[in-house]
file entry27.txt (compact mmCIF, C-alpha atoms)
# COMPACT_ATOMS: atom_id res chain seq x y z
CA MET Z 1 -40.36 -30.26 9.20
CA THR Z 2 -38.04 -27.89 10.99
CA GLN Z 3 -34.31 -27.59 10.65
CA MET Z 4 -33.99 -29.28 14.04
CA ASP Z 5 -35.51 -32.44 12.61
CA LEU Z 6 -32.88 -32.60 9.91
CA VAL Z 7 -29.85 -31.73 11.97
CA PRO Z 8 -29.90 -32.79 15.61
CA PRO Z 9 -28.87 -30.06 18.04
CA VAL Z 10 -25.19 -30.09 18.73
CA ASP Z 11 -24.23 -31.70 21.99
CA TYR Z 12 -21.17 -29.93 23.35
CA SER Z 13 -21.38 -31.65 26.69
CA LEU Z 14 -18.34 -33.87 26.21
CA VAL Z 15 -15.77 -31.27 25.36
CA PRO Z 16 -15.47 -29.28 28.60
CA SER Z 17 -14.84 -32.29 30.78
CA THR Z 18 -12.50 -34.21 28.53
CA ALA Z 19 -10.54 -31.47 26.82
CA ASN Z 20 -6.99 -31.05 27.93
CA LEU Z 21 -5.81 -27.71 29.18
CA ALA Z 22 -3.62 -26.98 26.18
CA GLU Z 23 -6.59 -27.37 23.87
CA ILE Z 24 -8.67 -24.99 25.96
CA LEU Z 25 -5.87 -22.45 26.38
CA GLU Z 26 -5.04 -22.27 22.72
CA ARG Z 27 -8.67 -21.39 22.12
CA VAL Z 28 -9.62 -19.07 24.98
CA LEU Z 29 -6.32 -17.16 24.91
CA ASP Z 30 -5.66 -16.92 21.21
CA LYS Z 31 -9.04 -17.24 19.57
CA GLY Z 32 -12.53 -15.87 19.95
CA ILE Z 33 -13.38 -12.29 19.12
CA VAL Z 34 -11.12 -9.81 20.87
CA ILE Z 35 -12.98 -6.77 22.15
CA ALA Z 36 -11.11 -3.97 23.88
CA GLY Z 37 -12.77 -3.88 27.28
CA ASP Z 38 -12.37 -1.30 30.04
CA ILE Z 39 -9.89 -3.45 31.87
CA LYS Z 40 -7.19 -4.33 29.42
CA ILE Z 41 -5.07 -7.36 29.86
CA ASP Z 42 -2.71 -8.42 27.14
CA LEU Z 43 -3.03 -12.17 27.02
CA LEU Z 44 0.34 -12.35 25.35
CA ASP Z 45 1.72 -10.73 28.46
CA ILE Z 46 5.18 -11.94 29.35
CA GLU Z 47 4.07 -13.84 32.47
CA LEU Z 48 1.43 -15.73 30.58
CA LEU Z 49 3.83 -16.28 27.77
CA THR Z 50 6.16 -18.02 30.18
CA ILE Z 51 3.57 -20.62 31.02
CA ARG Z 52 2.64 -21.04 27.41
CA LEU Z 53 6.25 -21.43 26.40
CA ARG Z 54 6.59 -24.29 28.82
CA LEU Z 55 3.55 -25.97 27.31
CA PHE Z 56 4.45 -25.55 23.70
CA ILE Z 57 7.81 -24.31 22.72
CA SER Z 58 9.89 -26.89 24.47
CA SER Z 59 8.49 -29.24 21.87
CA VAL Z 60 11.02 -27.92 19.42
CA GLU Z 61 14.03 -29.36 21.24
CA THR Z 62 12.33 -32.65 22.01
CA ALA Z 63 10.92 -33.02 18.57
CA LYS Z 64 14.28 -32.21 17.04
CA LYS Z 65 15.84 -35.03 18.98
CA ALA Z 66 13.14 -37.34 17.71
CA GLY Z 67 13.92 -36.24 14.19
CA ILE Z 68 10.91 -34.05 13.58
CA ASP Z 69 11.88 -30.44 13.39
CA TRP Z 70 10.14 -29.33 10.24
CA TRP Z 71 8.53 -26.29 11.83
CA GLU Z 72 11.96 -24.95 12.61
CA THR Z 73 12.50 -24.49 8.93
CA ASP Z 74 9.28 -22.53 8.67
CA PRO Z 75 10.48 -18.91 8.82
CA ALA Z 76 7.26 -17.66 10.41
CA LEU Z 77 7.47 -20.19 13.21
CA SER Z 78 11.19 -20.15 13.78
CA SER Z 79 11.46 -16.37 14.13
CA ARG Z 80 8.64 -16.38 16.64
CA ALA Z 81 10.20 -19.34 18.38
CA ALA Z 82 13.47 -17.49 18.67
CA GLU Z 83 11.75 -14.38 20.03
CA ARG Z 84 9.84 -16.36 22.58
CA ALA Z 85 12.78 -18.44 23.62
CA LEU Z 86 14.63 -15.20 24.20
CA ALA Z 87 11.71 -13.78 26.18
CA LEU Z 88 11.64 -16.90 28.34
CA GLU Z 89 15.36 -16.81 28.91
CA ASN Z 90 15.14 -13.14 29.81
CA ARG Z 91 12.32 -13.80 32.23
CA GLU Z 92 14.13 -16.70 33.87
CA LEU Z 93 17.25 -14.62 34.25
CA LYS Z 94 15.25 -11.85 35.89
CA ASP Z 95 13.71 -14.40 38.26
CA ARG Z 96 17.15 -15.71 39.11
CA VAL Z 97 18.43 -12.20 39.79
CA ALA Z 98 15.43 -11.50 42.03
CA GLU Z 99 16.01 -14.77 43.87
CA LEU Z 100 19.68 -14.04 44.32
CA GLU Z 101 18.94 -10.53 45.55
CA GLN Z 102 16.49 -11.89 48.10
CA GLY Z 103 18.94 -14.61 49.00
CA ALA Z 104 21.66 -12.03 49.52
CA ALA Z 105 19.40 -9.99 51.79
CA ARG Z 106 18.23 -12.89 53.93
CA PRO Z 107 21.52 -14.39 55.13
CA SER Z 108 22.67 -11.00 56.39
CA ARG Z 109 19.58 -10.81 58.56
CA ARG Z 110 20.16 -14.32 59.75
CA ARG Z 111 23.71 -13.45 60.63
CA VAL Z 112 22.47 -10.62 62.78
CA GLU Z 113 20.02 -12.91 64.54
CA GLU Z 114 22.65 -15.56 65.11
CA ARG Z 115 24.77 -13.18 67.08
CA PRO Z 116 24.49 -13.77 70.79
CA MET P 1 -33.80 -1.37 27.82
CA THR P 2 -34.10 -3.25 31.06
CA ALA P 3 -32.13 -6.30 31.97
CA THR P 4 -33.96 -9.58 32.26
CA ASP P 5 -34.01 -11.50 35.49
CA GLU P 6 -31.07 -13.46 34.10
CA ALA P 7 -28.95 -10.34 33.79
CA PRO P 8 -26.10 -9.85 36.25
CA VAL P 9 -27.09 -7.67 39.16
CA ALA P 10 -25.11 -4.46 39.10
CA ALA P 11 -23.33 -3.77 42.34
CA PRO P 12 -21.65 -0.41 41.83
CA GLY P 13 -18.07 0.03 42.88
CA ALA P 14 -17.16 -3.48 43.86
CA MET P 15 -18.08 -5.35 40.71
CA ALA P 16 -16.93 -5.46 37.09
CA THR P 17 -18.73 -7.11 34.18
CA CYS P 18 -17.12 -10.06 32.44
CA VAL P 19 -18.48 -11.00 29.02
CA PHE P 20 -18.03 -14.53 27.68
CA ALA P 21 -19.94 -14.65 24.41
CA VAL P 22 -22.57 -13.01 22.25
CA ARG P 23 -25.55 -14.83 20.79
CA ARG P 24 -28.95 -14.29 19.22
CA GLY P 25 -30.96 -16.36 21.64
CA GLY P 26 -32.39 -14.74 24.75
CA PRO P 27 -33.02 -16.29 28.14
CA SER P 28 -33.28 -20.07 28.13
CA GLY P 29 -32.29 -22.99 30.27
CA GLY P 30 -28.75 -23.44 28.97
CA LEU P 31 -27.06 -21.25 31.56
CA THR P 32 -28.83 -22.69 34.57
CA GLY P 33 -26.34 -23.97 37.09
CA VAL P 34 -23.29 -22.54 35.27
CA ARG P 35 -20.98 -21.01 37.85
CA GLY P 36 -18.70 -18.88 35.74
CA HIS P 37 -15.71 -17.38 37.49
CA ALA P 38 -15.31 -18.29 41.13
CA ALA P 39 -16.39 -15.47 43.46
CA GLY P 40 -18.49 -14.01 40.66
CA GLY P 41 -22.22 -13.48 40.63
CA HIS P 42 -24.90 -15.08 38.58
CA VAL P 43 -24.09 -15.88 34.93
CA GLY P 44 -26.81 -14.27 32.87
CA LEU P 45 -27.74 -12.38 29.73
CA LEU P 46 -27.47 -8.72 28.87
CA PRO P 47 -29.78 -7.59 26.10
CA LEU P 48 -28.00 -5.75 23.29
CA PRO P 49 -29.61 -3.77 20.48
CA GLY P 50 -30.37 -5.71 17.29
CA GLY P 51 -31.66 -8.83 19.01
CA LEU P 52 -28.28 -9.87 20.35
CA TRP P 53 -27.51 -10.97 23.91
CA ALA P 54 -24.25 -10.94 25.79
CA VAL P 55 -23.50 -13.82 28.15
CA ALA P 56 -22.09 -12.02 31.15
CA GLN P 57 -21.27 -12.22 34.83
CA ASP P 58 -20.58 -9.70 37.57
CA VAL P 59 -17.15 -10.38 39.04
CA PRO P 60 -15.34 -8.79 42.00
CA ALA P 61 -13.48 -5.79 40.59
CA GLU P 62 -10.48 -6.29 42.84
CA LEU P 63 -9.89 -9.79 41.46
CA PHE P 64 -10.27 -8.61 37.88
CA SER P 65 -8.19 -5.44 37.83
CA GLN P 66 -5.32 -5.33 35.37
CA GLU P 67 -2.73 -6.05 38.06
CA ALA P 68 -4.76 -8.75 39.80
CA LEU P 69 -5.45 -10.49 36.51
CA ARG P 70 -1.86 -10.39 35.41
CA ALA P 71 -0.80 -11.97 38.67
CA ARG P 72 -3.59 -14.52 38.75
CA LEU P 73 -3.24 -15.61 35.14
CA SER P 74 0.47 -16.06 35.66
CA ASP P 75 -0.28 -18.74 38.20
CA PRO P 76 -0.78 -22.03 36.36
CA GLU P 77 -3.60 -23.22 38.64
CA GLN P 78 -5.53 -19.98 38.51
CA LEU P 79 -4.99 -19.73 34.77
CA GLU P 80 -6.46 -23.20 34.41
CA ASP P 81 -9.44 -22.34 36.63
CA CYS P 82 -10.13 -19.15 34.69
CA ALA P 83 -9.74 -20.83 31.29
CA ARG P 84 -11.97 -23.74 32.25
CA ALA P 85 -14.60 -21.43 33.79
CA HIS P 86 -14.66 -19.31 30.64
CA HIS P 87 -14.86 -22.37 28.43
CA ALA P 88 -17.66 -23.92 30.51
CA VAL P 89 -19.78 -20.76 30.24
CA VAL P 90 -19.20 -20.44 26.48
CA THR P 91 -20.03 -24.11 25.98
CA ALA P 92 -23.18 -23.92 28.10
CA ALA P 93 -24.32 -20.79 26.25
CA ALA P 94 -23.90 -22.65 22.96
CA ALA P 95 -26.30 -25.39 24.01
CA ASP P 96 -29.19 -23.08 23.08
CA GLY P 97 -27.89 -22.00 19.68
CA PRO P 98 -24.89 -20.45 17.93
CA VAL P 99 -22.63 -18.17 19.93
CA VAL P 100 -19.65 -15.98 19.16
CA PRO P 101 -17.05 -16.70 21.83
CA LEU P 102 -15.04 -13.78 23.20
CA ALA P 103 -11.45 -14.04 24.35
CA LEU P 104 -10.77 -14.82 28.02
CA ALA P 105 -11.06 -11.83 30.39
CA THR P 106 -13.14 -9.46 28.30
CA LEU P 107 -14.01 -7.01 31.09
CA PHE P 108 -15.97 -3.82 31.55
CA THR P 109 -16.45 -1.53 34.52
CA ASP P 110 -20.19 -2.19 34.48
CA ALA P 111 -23.02 -3.67 32.43
CA GLU P 112 -23.81 -0.36 30.71
CA ARG P 113 -20.24 -0.01 29.48
CA ALA P 114 -20.32 -3.61 28.26
CA ARG P 115 -23.55 -3.00 26.41
CA ALA P 116 -22.30 0.20 24.76
CA THR P 117 -18.95 -1.28 23.67
CA LEU P 118 -20.46 -4.51 22.39
CA ASP P 119 -23.12 -2.61 20.48
CA GLU P 120 -20.39 -0.77 18.57
CA GLN P 121 -19.19 -4.16 17.36
CA GLN P 122 -22.60 -5.33 16.20
CA PRO P 123 -21.65 -5.88 12.52
CA ARG P 124 -18.75 -8.08 13.60
CA PHE P 125 -21.02 -10.23 15.76
CA LEU P 126 -23.70 -10.53 13.12
CA ALA P 127 -21.16 -11.55 10.47
CA ALA P 128 -19.62 -14.10 12.83
CA LEU P 129 -23.02 -15.55 13.77
CA ASP P 130 -23.93 -15.92 10.11
CA ARG P 131 -20.69 -17.71 9.45
CA LEU P 132 -20.85 -20.00 12.49
CA THR P 133 -24.53 -20.94 12.54
CA GLY P 134 -25.02 -24.61 11.80
CA ARG P 135 -21.28 -25.25 12.07
CA THR P 136 -18.92 -26.43 14.77
CA GLU P 137 -15.21 -26.71 15.23
CA TRP P 138 -13.42 -30.06 15.26
CA ALA P 139 -9.84 -30.52 16.40
CA VAL P 140 -7.61 -33.03 14.66
CA LYS P 141 -4.20 -34.09 15.90
CA VAL P 142 -1.68 -36.53 14.53
CA HIS P 143 0.93 -38.09 16.80
CA VAL P 144 3.93 -40.09 15.76
CA ARG P 145 5.58 -42.67 17.96
CA HIS P 146 9.26 -43.41 17.63
CA ARG P 147 11.34 -46.43 18.39
CA GLY P 148 14.28 -45.33 20.45
CA GLY P 149 12.65 -41.99 20.94
CA ASN P 150 15.82 -39.90 20.97
CA GLY P 151 16.72 -40.11 17.32
CA THR P 152 20.18 -41.46 17.97
CA GLU P 153 19.09 -45.04 17.48
CA GLY P 154 17.61 -46.52 14.38
CA PRO P 155 18.03 -49.15 11.73
CA ALA P 156 21.21 -47.56 10.38
CA ALA P 157 22.93 -47.45 13.76
CA PRO P 158 25.80 -49.91 13.90
CA GLY P 159 26.26 -52.66 16.47
CA PRO P 160 27.48 -51.85 19.95
CA ALA P 161 31.13 -52.49 19.09
CA ALA P 162 31.07 -49.91 16.32
CA SER P 163 34.28 -49.07 14.58
CA THR P 164 35.86 -45.86 15.76
CA SER P 165 37.46 -45.05 12.44
CA GLY P 166 36.64 -41.71 10.86
CA ARG P 167 35.08 -43.30 7.82
CA ALA P 168 32.82 -45.50 9.91
CA TYR P 169 31.84 -42.48 11.97
CA LEU P 170 30.91 -40.47 8.88
CA SER P 171 28.94 -43.32 7.44
CA ARG P 172 27.11 -43.69 10.74
CA VAL P 173 26.29 -40.00 10.80
CA ARG P 174 25.07 -40.12 7.22
CA GLY P 175 22.95 -43.17 7.91
CA ARG P 176 21.37 -41.48 10.90
CA GLU P 177 20.69 -38.36 8.93
CA LYS P 178 19.08 -40.40 6.18
CA ASP P 179 16.87 -42.20 8.68
CA ARG P 180 15.97 -38.95 10.33
CA ARG P 181 14.90 -37.50 7.02
CA ALA P 182 12.90 -40.57 6.09
CA ARG P 183 11.08 -40.45 9.42
CA GLN P 184 10.47 -36.75 9.02
CA ASP P 185 9.12 -37.17 5.50
CA ALA P 186 6.85 -40.03 6.56
CA ALA P 187 5.54 -38.04 9.54
CA LEU P 188 4.93 -34.97 7.41
CA ASP P 189 3.21 -37.08 4.84
CA ALA P 190 0.91 -38.60 7.46
CA ALA P 191 0.08 -35.12 8.77
CA ARG P 192 -0.64 -33.90 5.25
CA GLN P 193 -2.87 -36.86 4.41
CA VAL P 194 -4.95 -36.41 7.55
CA HIS P 195 -5.19 -32.67 7.06
CA GLU P 196 -6.31 -33.10 3.46
CA ALA P 197 -8.91 -35.69 4.41
CA ALA P 198 -10.33 -33.49 7.18
CA ALA P 199 -10.21 -30.30 5.13
CA GLY P 200 -12.29 -32.04 2.48
CA PHE P 201 -15.26 -31.94 4.87
CA ALA P 202 -14.61 -28.46 6.23
CA VAL P 203 -15.46 -24.92 5.18
CA ALA P 204 -12.32 -23.53 6.82
CA SER P 205 -9.25 -24.80 8.63
CA VAL P 206 -6.35 -23.58 10.75
CA ARG P 207 -3.08 -25.34 11.51
CA ARG P 208 -1.37 -24.53 14.77
CA ARG P 209 1.97 -25.18 16.30
CA PRO P 210 1.99 -28.72 17.69
CA HIS P 211 1.89 -29.36 21.43
CA GLY P 212 5.03 -30.27 23.33
CA THR P 213 5.78 -33.62 24.91
CA GLU P 214 4.76 -32.25 28.33
CA ILE P 215 1.27 -32.68 26.94
CA THR P 216 1.60 -35.51 24.48
CA GLY P 217 3.87 -37.70 26.60
CA ARG P 218 7.43 -38.78 25.98
CA GLY P 219 8.19 -40.49 22.70
CA ARG P 220 4.96 -39.21 21.21
CA VAL P 221 5.49 -36.29 18.89
CA GLN P 222 2.64 -34.22 17.61
CA VAL P 223 2.94 -33.45 13.92
CA LEU P 224 -0.51 -32.03 13.23
CA ASN P 225 -2.55 -29.71 15.43
CA ALA P 226 -5.38 -28.39 13.34
CA ALA P 227 -8.95 -27.17 13.66
CA TYR P 228 -11.73 -27.36 11.11
CA LEU P 229 -15.00 -25.49 10.79
CA VAL P 230 -17.54 -28.07 9.69
CA ASP P 231 -21.22 -27.98 8.71
CA ASP P 232 -23.17 -29.96 11.30
CA ALA P 233 -24.41 -32.36 8.65
CA ARG P 234 -20.86 -33.30 7.61
CA ALA P 235 -19.29 -33.65 11.05
CA ASP P 236 -19.90 -37.40 11.29
CA ARG P 237 -18.14 -37.93 7.99
CA LEU P 238 -15.10 -35.93 9.06
CA VAL P 239 -14.85 -37.90 12.29
CA ALA P 240 -15.19 -41.23 10.48
CA ALA P 241 -12.66 -40.27 7.81
CA VAL P 242 -10.02 -39.18 10.32
CA ARG P 243 -10.50 -42.19 12.59
CA ALA P 244 -10.23 -44.55 9.62
CA MET P 245 -6.76 -43.21 8.83
CA THR P 246 -5.05 -44.21 12.06
CA GLY P 247 -2.31 -46.75 11.55
CA ALA P 248 -2.63 -46.55 7.79
CA PHE P 249 0.60 -44.72 7.05
CA ALA P 250 3.67 -46.09 5.35
CA GLY P 251 6.95 -45.94 7.23
CA VAL P 252 5.64 -44.30 10.38
CA ASP P 253 3.60 -45.22 13.46
CA ALA P 254 1.10 -42.36 13.25
CA HIS P 255 -2.22 -41.95 15.02
CA ALA P 256 -4.92 -39.46 14.18
CA GLU P 257 -7.27 -38.17 16.87
CA VAL P 258 -10.33 -36.05 16.53
CA SER P 259 -12.08 -34.08 19.27
CA GLY P 260 -15.22 -32.02 19.18
CA PRO P 261 -17.59 -30.51 18.66
CA TRP P 262 -16.00 -27.33 19.98
CA VAL P 263 -17.65 -23.96 20.04
CA PRO P 264 -15.95 -22.45 16.98
CA TYR P 265 -13.43 -20.27 18.82
CA SER P 266 -10.87 -20.66 16.06
CA PHE P 267 -13.23 -19.28 13.45
CA ALA P 268 -14.85 -16.41 15.34
CA GLU P 269 -12.81 -13.94 13.33
CA VAL P 270 -12.95 -14.10 9.55
CA ALA P 271 -10.20 -16.20 8.05
CA ASP P 272 -9.84 -17.49 4.55
CA ALA P 273 -10.59 -21.16 4.11
CA GLY P 274 -7.49 -23.24 4.53
CA SER P 275 -5.46 -20.42 5.98
CA VAL P 276 -2.50 -21.54 8.02
CA ALA P 277 -2.34 -20.17 11.54
CA ASP P 278 0.73 -18.19 12.43
CA GLY P 279 1.57 -20.60 15.20
CA GLY P 280 0.37 -18.03 17.68
CA ILE P 281 -0.31 -20.45 20.47
CA GLY P 282 2.97 -19.58 22.06

call {"tool": "encode", "arguments": {"input": "entry27.txt", "output": "structure tokens"}}
result
Amino acid sequence: MTQMDLVPPVDYSLVPSTANLAEILERVLDKGIVIAGDIKIDLLDIELLTIRLRLFISSVETAKKAGIDWWETDPALSSRAAERALALENRELKDRVAELEQGAARPSRRRVEERP
Amino acid sequence: MTATDEAPVAAPGAMATCVFAVRRGGPSGGLTGVRGHAAGGHVGLLPLPGGLWAVAQDVPAELFSQEALRARLSDPEQLEDCARAHHAVVTAAAADGPVVPLALATLFTDAERARATLDEQQPRFLAALDRLTGRTEWAVKVHVRHRGGNGTEGPAAPGPAASTSGRAYLSRVRGREKDRRARQDAALDAARQVHEAAAGFAVASVRRRPHGTEITGRGRVQVLNAAYLVDDARADRLVAAVRAMTGAFAGVDAHAEVSGPWVPYSFAEVADAGSVADGGIG
């Protein structure tokens, strides 16, 4: 009798199609063996972090309102949360500045065009 | 060592090599029909010394440069495509036997560079394969549903024509705080019970930061987001134990969900049994 007779082969087929994105992201971005390749991309890069913040960290506010904010009292989580919230805010402010700068440039062009 | 016919075809200059996983098993049917990253070549196997194989794909270098990747992975749709493509390859590769999953976007300038770098890590792969063989990862989540949903309503809240006196206000605040704490304790207790039940069938576990309501839906708060490394023979028991717990919690409407089997991403690197994740999911 082989091992295969005792333990049926694992069927992974269900997980890729049914798994939600958050479940996949928290595995492929944060887990697995990290090998330094030739092309290095920091998956904790600020841009990526922005997306991930939207998926996860906003839970703190919502959960707090619902009366579940226990992870806020966890020092490890709350310090990271604060850092990330700050990073997000920083990023959003930079985006706003960029938008405003573009916005400031565009109307002046338009004004020129509008002249007869 | 020559590449098998399943190995990615090297196209110098234009292509880079993306590696998804490392395994012991050589060419087999599991990867047939797996697309990998869009615009990439054939997903195949690179032989490594020591009887290991890397699951790899040639991908257009211009789409996988540092700058291109940073831009593409910052786009939610492209991030999702990349993550799902990576996950599909890893999962398909695992159909033939245990694999060690690599993180998303593990890239090399060519197959030779991939082979050389991966070979340097051989002891890590062998240790991981030993640890993961015959085991899979199972995800367990506990969600709590709240009446009112915003925490400002509850049994202690007074009627609509509440007194506006200071004393009544304070008593209302205290009542709300007490309710909030009771709900919190009950939710935590439910999470702990489920975690303990699941961990009893596992060889290792990690707890992660719970998902936000963008994912769980409004009024549904996640209080446990954990993963367990489980011997194949005990997986059914873990699933049954977790499912049996739903709705069985005092003072809280809590539901336990289990998903799996996952390729054991969360346990690819050595971690002590029962270690608590640092909440690094962002």

call {"tool": "interface_residues", "arguments": {"input": "entry27.txt", "of": "chain P", "to": "chain Z", "cutoff": "7 Å", "atoms": "only C-alpha atoms", "output": "ChimeraX atom specification"}}
result
/P:65-66,73-74,80,83,87-88,91,95,101-104,106-109,149-151,180,183-184,211-214,221,232-233,260-262,265-266,268-269,278-279,281-282

call {"tool": "write_last_selection", "arguments": {"input": "entry27.txt", "atoms": "C-alpha atoms", "output": "compact mmCIF listing (two decimals), in the coordinates of the input"}}
result
# COMPACT_ATOMS: atom_id res chain seq x y z
CA SER P 65 -8.19 -5.44 37.83
CA GLN P 66 -5.32 -5.33 35.37
CA LEU P 73 -3.24 -15.61 35.14
CA SER P 74 0.47 -16.06 35.66
CA GLU P 80 -6.46 -23.20 34.41
CA ALA P 83 -9.74 -20.83 31.29
CA HIS P 87 -14.86 -22.37 28.43
CA ALA P 88 -17.66 -23.92 30.51
CA THR P 91 -20.03 -24.11 25.98
CA ALA P 95 -26.30 -25.39 24.01
CA PRO P 101 -17.05 -16.70 21.83
CA LEU P 102 -15.04 -13.78 23.20
CA ALA P 103 -11.45 -14.04 24.35
CA LEU P 104 -10.77 -14.82 28.02
CA THR P 106 -13.14 -9.46 28.30
CA LEU P 107 -14.01 -7.01 31.09
CA PHE P 108 -15.97 -3.82 31.55
CA THR P 109 -16.45 -1.53 34.52
CA GLY P 149 12.65 -41.99 20.94
CA ASN P 150 15.82 -39.90 20.97
CA GLY P 151 16.72 -40.11 17.32
CA ARG P 180 15.97 -38.95 10.33
CA ARG P 183 11.08 -40.45 9.42
CA GLN P 184 10.47 -36.75 9.02
CA HIS P 211 1.89 -29.36 21.43
CA GLY P 212 5.03 -30.27 23.33
CA THR P 213 5.78 -33.62 24.91
CA GLU P 214 4.76 -32.25 28.33
CA VAL P 221 5.49 -36.29 18.89
CA ASP P 232 -23.17 -29.96 11.30
CA ALA P 233 -24.41 -32.36 8.65
CA GLY P 260 -15.22 -32.02 19.18
CA PRO P 261 -17.59 -30.51 18.66
CA TRP P 262 -16.00 -27.33 19.98
CA TYR P 265 -13.43 -20.27 18.82
CA SER P 266 -10.87 -20.66 16.06
CA ALA P 268 -14.85 -16.41 15.34
CA GLU P 269 -12.81 -13.94 13.33
CA ASP P 278 0.73 -18.19 12.43
CA GLY P 279 1.57 -20.60 15.20
CA ILE P 281 -0.31 -20.45 20.47
CA GLY P 282 2.97 -19.58 22.06

call {"tool": "atom_distance", "arguments": {"input": "entry27.txt", "atom1": "CA of Ala54 (chain P)", "atom2": "CA of Ala85 (chain P)"}}
result
16.3 Å

call {"tool": "residues_around", "arguments": {"input": "entry27.txt", "residues": "Ala105 (chain P)", "least_positions_apart": "4", "cutoff": "8 Å", "atoms": "all atoms listed in the file", "output": "PDB file with C-alpha atoms, in the coordinates of the input"}}
result
ATOM      1  CA  ILE Z  41      -5.070  -7.360  29.860  1.00  0.00           C
TER       2      ILE Z  41
ATOM      3  CA  CYS P  18     -17.120 -10.060  32.440  1.00  0.00           C
ATOM      4  CA  VAL P  19     -18.480 -11.000  29.020  1.00  0.00           C
ATOM      5  CA  PHE P  20     -18.030 -14.530  27.680  1.00  0.00           C
TER       6      PHE P  20
END

call {"tool": "residues_around", "arguments": {"input": "entry27.txt", "residues": "Leu224 (chain P)", "least_positions_apart": "6", "cutoff": "6 Å", "atoms": "all atoms listed in the file", "output": "CSV table (one decimal) with C-alpha atoms, keeping the file's coordinate frame"}}
result
chain,number,residue,atom,x,y,z
P,141,LYS,CA,-4.2,-34.1,15.9
P,142,VAL,CA,-1.7,-36.5,14.5
P,191,ALA,CA,0.1,-35.1,8.8

call {"tool": "atom_distance", "arguments": {"input": "entry27.txt", "atom1": "CA of Pro27 (chain P)", "atom2": "CA of Gly44 (chain P)"}}
result
8.1 Å

call {"tool": "decode", "arguments": {"input": "entry27.txt", "residues": "region 246-274 of chain P", "atoms": "C-alpha atoms", "output": "short mmCIF file (atom, residue, chain, number, x, y, z; two decimals), in the first residue's frame"}}
result
data_model
loop_
_atom_site.label_atom_id
_atom_site.label_comp_id
_atom_site.auth_asym_id
_atom_site.auth_seq_id
_atom_site.Cartn_x
_atom_site.Cartn_y
_atom_site.Cartn_z
CA THR P 246 -20.79 28.62 14.09
CA GLY P 247 -23.63 30.17 16.01
CA ALA P 248 -22.56 28.50 19.23
CA PHE P 249 -21.27 31.56 21.05
CA ALA P 250 -22.80 33.25 24.04
CA GLY P 251 -23.70 36.92 23.73
CA VAL P 252 -22.57 37.40 20.15
CA ASP P 253 -23.72 36.54 16.64
CA ALA P 254 -20.45 35.01 15.42
CA HIS P 255 -19.81 32.86 12.38
CA ALA P 256 -16.73 30.81 11.68
CA GLU P 257 -15.62 30.10 8.12
CA VAL P 258 -12.92 27.84 6.87
CA SER P 259 -11.30 27.86 3.43
CA GLY P 260 -8.70 25.60 1.94
CA PRO P 261 -6.69 23.70 1.22
CA TRP P 262 -4.24 26.46 0.34
CA VAL P 263 -0.71 25.92 -0.82
CA PRO P 264 1.07 26.65 2.47
CA TYR P 265 2.27 30.16 1.64
CA SER P 266 2.01 31.26 5.24
CA PHE P 267 4.34 28.54 6.42
CA ALA P 268 6.99 28.60 3.69
CA GLU P 269 9.40 30.28 6.07
CA VAL P 270 10.10 28.67 9.42
CA ALA P 271 7.89 29.97 12.19
CA ASP P 272 7.34 28.60 15.63
CA ALA P 273 4.07 26.80 16.14
CA GLY P 274 1.39 29.14 17.34
#
